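Trainee: Just one file: query_15.pdb, with PDB, C-alpha atoms.
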ATOM      1  CA  MET B1061     255.874 235.778-128.629
ATOM      2  CA  PHE B1062     255.090 232.223-127.542
ATOM      3  CA  ALA B1063     258.616 231.040-128.296
ATOM      4  CA  LEU B1064     260.054 234.080-126.530
ATOM      5  CA  LEU B1065     258.069 233.288-123.397
ATOM      6  CA  GLU B1066     259.503 229.790-123.299
ATOM      7  CA  GLU B1067     263.021 230.987-124.116
ATOM      8  CA  THR B1068     262.765 233.418-121.218
ATOM      9  CA  GLY B1069     262.030 230.570-118.831
ATOM     10  CA  PHE B1070     258.267 230.663-118.525
ATOM     11  CA  THR B1071     256.420 227.364-118.460
ATOM     12  CA  ARG B1072     252.823 226.324-119.095
ATOM     13  CA  VAL B1073     252.507 228.881-121.864
ATOM     14  CA  ARG B1074     248.916 228.950-123.084
ATOM     15  CA  SER B1075     247.314 231.186-125.671
ATOM     16  CA  ALA B1076     243.994 231.805-127.330
ATOM     17  CA  VAL B1077     242.815 234.260-129.972
ATOM     18  CA  VAL B1078     240.742 237.213-128.734
ATOM     19  CA  PRO B1079     237.588 236.724-130.788
ATOM     20  CA  GLY B1080     236.258 240.272-130.683
ATOM     21  CA  PHE B1081     239.396 242.083-131.745
ATOM     22  CA  ARG B1082     239.496 244.121-134.938
ATOM     23  CA  PHE B1083     240.593 247.605-135.913
ATOM     24  CA  ARG B1084     237.923 250.264-136.247
ATOM     25  CA  LYS B1085     239.165 251.636-139.565
ATOM     26  CA  ALA B1086     238.579 249.311-142.500
ATOM     27  CA  SER B1087     241.877 250.161-144.179
ATOM     28  CA  THR B1088     243.782 249.364-141.009
ATOM     29  CA  GLN B1089     241.859 246.113-140.549
ATOM     30  CA  ASN B1090     242.567 245.124-144.160
ATOM     31  CA  SER B1091     246.287 245.753-143.687
ATOM     32  CA  ALA B1092     246.225 243.851-140.423
ATOM     33  CA  GLU B1093     244.606 240.851-142.071
ATOM     34  CA  ALA B1094     247.232 240.902-144.809
ATOM     35  CA  TYR B1095     249.917 240.442-142.147
ATOM     36  CA  GLY B1096     247.918 237.976-140.084
ATOM     37  CA  VAL B1097     247.664 240.449-137.229
ATOM     38  CA  LYS B1098     245.438 239.343-134.374
ATOM     39  CA  ALA B1099     245.045 239.787-130.657
ATOM     40  CA  VAL B1100     245.824 236.872-128.395
ATOM     41  CA  MET B1101     245.561 236.261-124.705
ATOM     42  CA  MET B1102     248.460 234.447-123.093
ATOM     43  CA  THR B1103     249.136 232.998-119.685
ATOM     44  CA  ALA B1104     252.375 231.548-118.407
ATOM     45  CA  LEU B1105     254.026 230.520-115.190
ATOM     46  CA  LYS B1106     257.412 231.336-113.655
ATOM     47  CA  PRO B1107     258.720 228.045-112.291
ATOM     48  CA  PRO B1108     258.531 227.767-108.499
ATOM     49  CA  THR B1109     262.269 227.362-108.289
ATOM     50  CA  GLY B1110     263.139 229.809-111.123
TER      51      GLY B1110
ATOM     52  CA  MET Y1474     277.481 252.504-130.549
ATOM     53  CA  SER Y1475     277.243 251.105-134.092
ATOM     54  CA  ASP Y1476     275.273 252.852-136.847
ATOM     55  CA  ALA Y1477     272.575 250.169-136.703
ATOM     56  CA  ALA Y1478     272.300 250.528-132.952
ATOM     57  CA  ASP Y1479     272.152 254.325-133.296
ATOM     58  CA  ILE Y1480     269.307 254.021-135.790
ATOM     59  CA  GLN Y1481     267.497 251.535-133.556
ATOM     60  CA  ALA Y1482     267.874 253.802-130.540
ATOM     61  CA  SER Y1483     266.676 256.778-132.524
ATOM     62  CA  LEU Y1484     263.620 254.926-133.857
ATOM     63  CA  GLU Y1485     262.856 253.652-130.392
ATOM     64  CA  ALA Y1486     262.936 257.168-128.980
ATOM     65  CA  VAL Y1487     260.584 258.423-131.686
ATOM     66  CA  LEU Y1488     258.305 255.424-131.146
ATOM     67  CA  LYS Y1489     258.097 256.122-127.429
ATOM     68  CA  ASP Y1490     257.091 259.711-128.191
ATOM     69  CA  GLU Y1491     254.405 258.539-130.624
ATOM     70  CA  ILE Y1492     253.069 256.062-128.064
ATOM     71  CA  VAL Y1493     252.886 258.706-125.358
ATOM     72  CA  HIS Y1494     251.193 261.114-127.750
ATOM     73  CA  MET Y1495     248.670 258.564-129.051
ATOM     74  CA  TYR Y1496     247.474 257.315-125.700
ATOM     75  CA  GLN Y1497     247.456 260.828-124.233
ATOM     76  CA  GLU Y1498     245.136 261.728-127.113
ATOM     77  CA  VAL Y1499     242.828 258.820-126.193
ATOM     78  CA  ALA Y1500     242.776 259.979-122.576
ATOM     79  CA  ASP Y1501     242.241 263.663-123.404
ATOM     80  CA  ASN Y1502     239.770 263.201-126.265
ATOM     81  CA  PRO Y1503     237.947 259.907-125.732
ATOM     82  CA  ARG Y1504     235.121 260.915-128.058
ATOM     83  CA  GLN Y1505     237.516 261.089-130.984
ATOM     84  CA  GLU Y1506     237.752 258.123-133.364
ATOM     85  CA  PHE Y1507     240.993 256.183-133.665
ATOM     86  CA  HIS Y1508     242.256 253.284-135.760
ATOM     87  CA  PHE Y1509     241.317 250.998-132.908
ATOM     88  CA  TYR Y1510     238.190 250.598-130.798
ATOM     89  CA  HIS Y1511     238.495 252.131-127.374
ATOM     90  CA  GLY Y1512     236.465 253.018-124.315
ATOM     91  CA  ARG Y1513     233.396 251.150-123.187
ATOM     92  CA  GLU Y1514     232.705 249.894-126.698
ATOM     93  CA  ALA Y1515     236.064 248.119-126.791
ATOM     94  CA  ALA Y1516     235.792 246.804-123.233
ATOM     95  CA  GLU Y1517     232.355 245.303-123.930
ATOM     96  CA  ARG Y1518     233.676 243.811-127.158
ATOM     97  CA  PHE Y1519     236.324 242.002-125.091
ATOM     98  CA  GLY Y1520     233.897 240.707-122.495
ATOM     99  CA  TYR Y1521     234.504 243.072-119.619
ATOM    100  CA  ALA Y1522     231.698 242.574-117.113
ATOM    101  CA  ARG Y1523     229.054 245.274-117.151
ATOM    102  CA  GLU Y1524     229.307 245.688-113.388
ATOM    103  CA  TRP Y1525     233.042 246.473-113.702
ATOM    104  CA  LEU Y1526     232.357 249.174-116.276
ATOM    105  CA  ASP Y1527     229.339 250.616-114.480
ATOM    106  CA  SER Y1528     231.227 250.983-111.209
ATOM    107  CA  ALA Y1529     234.582 252.243-112.515
ATOM    108  CA  PRO Y1530     235.194 255.987-112.978
ATOM    109  CA  GLU Y1531     233.920 257.188-116.322
ATOM    110  CA  GLY Y1532     237.313 258.608-117.264
ATOM    111  CA  ALA Y1533     239.011 255.262-116.763
ATOM    112  CA  VAL Y1534     236.423 253.466-118.912
ATOM    113  CA  ALA Y1535     236.331 256.096-121.653
ATOM    114  CA  SER Y1536     240.115 256.000-122.054
ATOM    115  CA  PHE Y1537     240.407 252.201-122.175
ATOM    116  CA  ALA Y1538     242.618 251.222-125.107
ATOM    117  CA  GLY Y1539     243.313 247.537-124.608
ATOM    118  CA  VAL Y1540     243.154 244.697-127.135
ATOM    119  CA  GLY Y1541     241.544 242.013-124.997
ATOM    120  CA  ASN Y1542     240.653 241.014-121.466
ATOM    121  CA  PRO Y1543     243.624 239.891-119.326
ATOM    122  CA  HIS Y1544     241.288 239.359-116.354
ATOM    123  CA  GLU Y1545     239.586 236.434-118.038
ATOM    124  CA  ARG Y1546     242.430 234.091-117.102
ATOM    125  CA  SER Y1547     244.307 236.041-114.444
ATOM    126  CA  ASP Y1548     242.648 234.181-111.542
ATOM    127  CA  LEU Y1549     243.492 236.992-109.125
ATOM    128  CA  ARG Y1550     243.122 236.167-105.451
ATOM    129  CA  PRO Y1551     242.777 238.300-102.329
ATOM    130  CA  GLY Y1552     246.099 239.442-100.955
ATOM    131  CA  GLU Y1553     248.063 239.128-104.194
ATOM    132  CA  THR Y1554     250.418 241.767-105.578
ATOM    133  CA  VAL Y1555     249.684 242.598-109.205
ATOM    134  CA  LEU Y1556     251.784 244.543-111.698
ATOM    135  CA  ASP Y1557     249.917 246.173-114.592
ATOM    136  CA  LEU Y1558     252.362 247.007-117.383
ATOM    137  CA  GLY Y1559     251.230 250.001-119.393
ATOM    138  CA  SER Y1560     248.502 250.894-116.909
ATOM    139  CA  GLY Y1561     247.195 253.890-118.853
ATOM    140  CA  ALA Y1562     244.134 255.522-117.319
ATOM    141  CA  GLY Y1563     243.812 252.685-114.828
ATOM    142  CA  LEU Y1564     240.785 250.553-115.756
ATOM    143  CA  ASP Y1565     242.616 247.227-115.623
ATOM    144  CA  ALA Y1566     244.404 248.229-112.413
ATOM    145  CA  ILE Y1567     241.085 249.136-110.790
ATOM    146  CA  ILE Y1568     239.552 245.791-111.753
ATOM    147  CA  ALA Y1569     242.647 244.001-110.432
ATOM    148  CA  ALA Y1570     242.548 245.990-107.195
ATOM    149  CA  ARG Y1571     238.966 244.920-106.564
ATOM    150  CA  ALA Y1572     239.961 241.295-107.033
ATOM    151  CA  VAL Y1573     242.963 241.356-104.695
ATOM    152  CA  GLY Y1574     241.197 243.404-102.075
ATOM    153  CA  PRO Y1575     242.641 245.622 -99.356
ATOM    154  CA  GLU Y1576     245.241 243.011 -98.366
ATOM    155  CA  GLY Y1577     246.554 242.973-101.904
ATOM    156  CA  LYS Y1578     248.417 245.557-103.908
ATOM    157  CA  VAL Y1579     248.373 246.841-107.481
ATOM    158  CA  ILE Y1580     251.342 248.569-109.065
ATOM    159  CA  GLY Y1581     250.969 250.222-112.443
ATOM    160  CA  VAL Y1582     253.851 251.191-114.707
ATOM    161  CA  ASP Y1583     253.418 253.691-117.506
ATOM    162  CA  LEU Y1584     255.752 255.622-119.754
ATOM    163  CA  ASN Y1585     253.672 258.781-119.352
ATOM    164  CA  PRO Y1586     253.745 260.443-115.923
ATOM    165  CA  SER Y1587     250.486 262.278-116.570
ATOM    166  CA  MET Y1588     248.775 258.935-117.200
ATOM    167  CA  CYS Y1589     250.109 257.736-113.869
ATOM    168  CA  VAL Y1590     248.486 260.737-112.234
ATOM    169  CA  LYS Y1591     245.191 259.975-113.996
ATOM    170  CA  ALA Y1592     245.312 256.290-113.103
ATOM    171  CA  GLN Y1593     245.962 256.968-109.446
ATOM    172  CA  ALA Y1594     243.180 259.544-109.355
ATOM    173  CA  HIS Y1595     240.722 257.130-110.996
ATOM    174  CA  ALA Y1596     241.753 254.357-108.625
ATOM    175  CA  ALA Y1597     241.295 256.594-105.605
ATOM    176  CA  GLU Y1598     237.899 257.702-106.909
ATOM    177  CA  SER Y1599     236.850 254.062-107.194
ATOM    178  CA  GLY Y1600     237.971 253.305-103.641
ATOM    179  CA  THR Y1601     240.701 250.944-104.807
ATOM    180  CA  PRO Y1602     244.063 252.700-104.394
ATOM    181  CA  MET Y1603     246.902 251.773-106.666
ATOM    182  CA  GLU Y1604     250.465 252.969-107.028
ATOM    183  CA  CYS Y1605     251.648 254.004-110.476
ATOM    184  CA  ARG Y1606     255.338 254.342-111.308
ATOM    185  CA  LYS Y1607     256.650 256.135-114.340
ATOM    186  CA  GLY Y1608     258.908 253.842-116.300
ATOM    187  CA  ARG Y1609     259.627 251.707-119.329
ATOM    188  CA  ILE Y1610     258.460 248.132-119.699
ATOM    189  CA  GLU Y1611     262.023 247.358-120.831
ATOM    190  CA  ASP Y1612     263.316 248.499-117.416
ATOM    191  CA  ILE Y1613     260.472 247.876-115.003
ATOM    192  CA  PRO Y1614     260.886 249.963-111.817
ATOM    193  CA  VAL Y1615     259.911 247.057-109.585
ATOM    194  CA  ALA Y1616     262.092 244.853-107.367
ATOM    195  CA  ASP Y1617     263.090 241.316-108.274
ATOM    196  CA  SER Y1618     260.697 238.523-107.323
ATOM    197  CA  SER Y1619     258.178 240.892-105.774
ATOM    198  CA  VAL Y1620     254.889 240.390-107.638
ATOM    199  CA  ASP Y1621     252.498 237.475-107.844
ATOM    200  CA  VAL Y1622     250.896 238.347-111.183
ATOM    201  CA  VAL Y1623     251.798 240.483-114.162
ATOM    202  CA  ILE Y1624     248.996 241.687-116.405
ATOM    203  CA  SER Y1625     249.235 243.822-119.500
ATOM    204  CA  ASN Y1626     246.860 244.744-122.293
ATOM    205  CA  GLY Y1627     248.131 245.641-125.727
ATOM    206  CA  VAL Y1628     251.487 246.958-124.560
ATOM    207  CA  ILE Y1629     254.312 244.562-125.403
ATOM    208  CA  ASN Y1630     253.703 244.852-129.152
ATOM    209  CA  LEU Y1631     254.715 248.516-128.849
ATOM    210  CA  SER Y1632     258.270 247.630-127.848
ATOM    211  CA  PHE Y1633     261.232 247.028-130.177
ATOM    212  CA  ARG Y1634     262.777 244.913-127.436
ATOM    213  CA  LYS Y1635     260.194 242.271-126.660
ATOM    214  CA  ARG Y1636     262.746 239.755-125.391
ATOM    215  CA  ARG Y1637     263.944 242.332-122.889
ATOM    216  CA  VAL Y1638     260.349 243.039-121.782
ATOM    217  CA  LEU Y1639     259.686 239.358-121.138
ATOM    218  CA  GLN Y1640     262.978 239.051-119.227
ATOM    219  CA  GLU Y1641     261.876 241.947-117.047
ATOM    220  CA  MET Y1642     258.492 240.347-116.434
ATOM    221  CA  PHE Y1643     260.270 237.148-115.433
ATOM    222  CA  ARG Y1644     262.595 239.050-113.108
ATOM    223  CA  VAL Y1645     259.891 240.838-111.150
ATOM    224  CA  LEU Y1646     257.673 237.780-110.724
ATOM    225  CA  LYS Y1647     258.052 235.690-107.591
ATOM    226  CA  PRO Y1648     258.940 232.036-108.189
ATOM    227  CA  GLY Y1649     255.610 230.403-108.959
ATOM    228  CA  GLY Y1650     254.191 233.724-110.144
ATOM    229  CA  ARG Y1651     252.232 234.023-113.338
ATOM    230  CA  LEU Y1652     251.327 236.362-116.145
ATOM    231  CA  SER Y1653     248.080 236.986-117.950
ATOM    232  CA  ILE Y1654     248.464 239.269-120.934
ATOM    233  CA  THR Y1655     246.666 240.190-124.101
ATOM    234  CA  ASP Y1656     248.536 241.560-127.048
ATOM    235  CA  ILE Y1657     248.837 241.954-130.785
ATOM    236  CA  VAL Y1658     250.865 239.433-132.751
ATOM    237  CA  SER Y1659     251.462 239.061-136.461
ATOM    238  CA  ALA Y1660     251.822 235.859-138.407
ATOM    239  CA  LYS Y1661     254.095 237.476-140.980
ATOM    240  CA  GLN Y1662     257.267 239.530-140.742
ATOM    241  CA  LEU Y1663     256.400 243.209-141.027
ATOM    242  CA  SER Y1664     257.973 245.064-143.948
ATOM    243  CA  GLN Y1665     260.937 247.313-143.164
ATOM    244  CA  SER Y1666     258.914 250.378-144.150
ATOM    245  CA  ILE Y1667     256.373 249.541-141.455
ATOM    246  CA  VAL Y1668     259.071 248.772-138.895
ATOM    247  CA  ASN Y1669     260.723 252.118-139.633
ATOM    248  CA  ASP Y1670     257.510 254.145-139.276
ATOM    249  CA  PRO Y1671     256.795 254.784-135.587
ATOM    250  CA  LYS Y1672     253.401 256.264-136.431
ATOM    251  CA  LEU Y1673     252.247 252.869-137.686
ATOM    252  CA  TRP Y1674     253.470 251.158-134.532
ATOM    253  CA  ALA Y1675     251.538 253.483-132.271
ATOM    254  CA  SER Y1676     248.269 253.543-134.246
TER     255      SER Y1676
END
Can the structure in the file be given as C-alpha cells, please?
Mentor:
Amino acid sequence: MFALLEETGFTRVRSAVVPGFRFRKASTQNSAEAYGVKAVMMTALKPPTG
Amino acid sequence: MSDAADIQASLEAVLKDEIVHMYQEVADNPRQEFHFYHGREAAERFGYAREWLDSAPEGAVASFAGVGNPHERSDLRPGETVLDLGSGAGLDAIIAARAVGPEGKVIGVDLNPSMCVKAQAHAAESGTPMECRKGRIEDIPVADSSVDVVISNGVINLSFRKRRVLQEMFRVLKPGGRLSITDIVSAKQLSQSIVNDPKLWAS
C-alpha cells in the first residue's frame, strides 16, 4: 500500500501500526497473524502542484 | 474481455455483494458477533474520544466497523471539505463534520444505498448534515480536485483494484490536499484460495 501511494503521486507518506487492532474470533486472528495481517494508519499529501 | 479478466470481474461482483451483505448485517444486527470487533467496543479500542461516542447517534456508534482511527492524524480544520470513502452508518462522517463545522462539508461514498440513507439520517440527527453518494471507491462520484481531505476506515483492503482506488483518491483531492486512512495490510501474499473466496475478503 505504501509503495502504491508513492507510485500514485502522493508524497510525505507516513504510516503507523494501529495498536489495538485484532480480530474478535481467535481462529481468524490466528490466520491473520500467519499472514502478517495488521491494521495501519497512513497519511499522505497530494503535491501542491500535482 | 479475456478469460482472466472475466473471472476477475465475476469475483469482484461477488465480492461487492458479500461486502454489502456483511456491513448491512452489522448495521441491522449490531448485537450480533462478527469476526471483527465493531460498535462502541471497537471505537474505544481504537481511541475514539468518549465525548464523540456519547454525543453521536446510537445507531451510528453501534454499527461502527472500522479498523482504526483516521481522525487521529487527519488534522481537520473548519471550512474544509472532507470525503469519507466507505462511509457506512456515518460515525466517521459525523466526527469529521463536527471538526469542519458549518462552513465545511462532508461527502460520504458508499456502495450500499441503504447505508447512505442511514448515514444521512444519523448525521441529521446529530445536527451535522452530510451528503452521501452511492458509488464505488474505484469510481468515486466526486469531481476532480474538489476535496481537501480524504478519510477512510478499513475500506481499501476490500477492493481488488487498490491502485485504481488510490488514483481516484488522488484525482479528487485538491493540490495540497491530504489523506488520512486506516486499513488492513498483509505482510505476505495471500494464497489463491483466499483471494478466490469473497466470503473471506468481506469477513
Trainee: I'd like the neighbourhood of B:Leu1105 as a short mmCIF file (atom, residue, chain, number, x, y, z; two decimals) with C-alpha atoms, in the coordinates of the input, where a residue qualifies if any of its atoms comes within 7 Å (using all atoms listed in the file), though same-chain residues fewer than 2 positions away should be ignored.
Mentor:
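Output file selection_34.cif follows:
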data_model
loop_
_atom_site.label_atom_id
_atom_site.label_comp_id
_atom_site.auth_asym_id
_atom_site.auth_seq_id
_atom_site.Cartn_x
_atom_site.Cartn_y
_atom_site.Cartn_z
CA PHE B 1070 258.27 230.66 -118.52
CA THR B 1071 256.42 227.36 -118.46
CA ARG B 1072 252.82 226.32 -119.10
CA PRO B 1107 258.72 228.04 -112.29
CA GLY Y 1649 255.61 230.40 -108.96
CA GLY Y 1650 254.19 233.72 -110.14
CA ARG Y 1651 252.23 234.02 -113.34
CA LEU Y 1652 251.33 236.36 -116.14
#
Trainee: Residues of chain B within 7 Å of chain Y, using all atoms listed in the file, as a short mmCIF file (atom, residue, chain, number, x, y, z; two decimals) with C-alpha atoms, in the coordinates of the input?
Mentor:
data_model
loop_
_atom_site.label_atom_id
_atom_site.label_comp_id
_atom_site.auth_asym_id
_atom_site.auth_seq_id
_atom_site.Cartn_x
_atom_site.Cartn_y
_atom_site.Cartn_z
CA LEU B 1064 260.05 234.08 -126.53
CA LEU B 1065 258.07 233.29 -123.40
CA THR B 1068 262.76 233.42 -121.22
CA VAL B 1078 240.74 237.21 -128.73
CA GLY B 1080 236.26 240.27 -130.68
CA PHE B 1081 239.40 242.08 -131.74
CA PHE B 1083 240.59 247.60 -135.91
CA ARG B 1084 237.92 250.26 -136.25
CA LYS B 1085 239.16 251.64 -139.56
CA THR B 1088 243.78 249.36 -141.01
CA TYR B 1095 249.92 240.44 -142.15
CA GLY B 1096 247.92 237.98 -140.08
CA VAL B 1097 247.66 240.45 -137.23
CA LYS B 1098 245.44 239.34 -134.37
CA ALA B 1099 245.04 239.79 -130.66
CA VAL B 1100 245.82 236.87 -128.40
CA MET B 1101 245.56 236.26 -124.70
CA MET B 1102 248.46 234.45 -123.09
CA THR B 1103 249.14 233.00 -119.68
CA ALA B 1104 252.38 231.55 -118.41
CA LEU B 1105 254.03 230.52 -115.19
CA LYS B 1106 257.41 231.34 -113.66
CA PRO B 1107 258.72 228.04 -112.29
CA PRO B 1108 258.53 227.77 -108.50
CA THR B 1109 262.27 227.36 -108.29
CA GLY B 1110 263.14 229.81 -111.12
#
Trainee: Expressed in Å to a single decimal, how great is the separation between atom CA of Y:Gly1561 and atom CA of Y:Cys1589?
Mentor: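 Interatomic distance, atom CA of Y:Gly1561 to atom CA of Y:Cys1589: 6.9 Å.
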Trainee: Given the choices Y:Val1573, Y:Asp1565, Y:Glu1531, Y:Gly1581, which gets closest to Y:Arg1550 if the distance is worked out from all atoms listed in the file?
Mentor: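 Smallest distance to Y:Arg1550 is found for Y:Val1573.
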Trainee: Using all atoms listed in the file for the distances, tell me which of Y:Ile1567, Y:Val1645, Y:Val1628, Y:Ala1482 is nearest to Y:Ala1594.
Mentor: Y:Ile1567
Trainee: Which value, in Å to one decimal, gives the distance between atom CA of Y:Pro1602 and atom CA of Y:Val1499?
Mentor: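 Taking atom CA of Y:Pro1602 as the start and atom CA of Y:Val1499 as the end point, the length is 22.7 Å.
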Trainee: Residues picked by the PyMOL selection byres ((chain Y and resi 1595) around 9) here, as number ranges by chain?
Mentor: Y: 1529-1533, 1562-1564, 1567, 1590-1594, 1596-1602
Trainee: Could you tell me how far atom CA of Y:Glu1491 lies from atom CA of Y:Gly1608, in Å and to one decimal?
Mentor: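 Value for the atom CA of Y:Glu1491-atom CA of Y:Gly1608 distance: 15.7 Å.
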Trainee: Between Y:Glu1604, Y:Phe1537, Y:Asp1583, Y:Val1487, which one has atoms that come closest to Y:Ala1570, using only C-alpha atoms?
Mentor: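 Smallest distance to Y:Ala1570 is found for Y:Glu1604.
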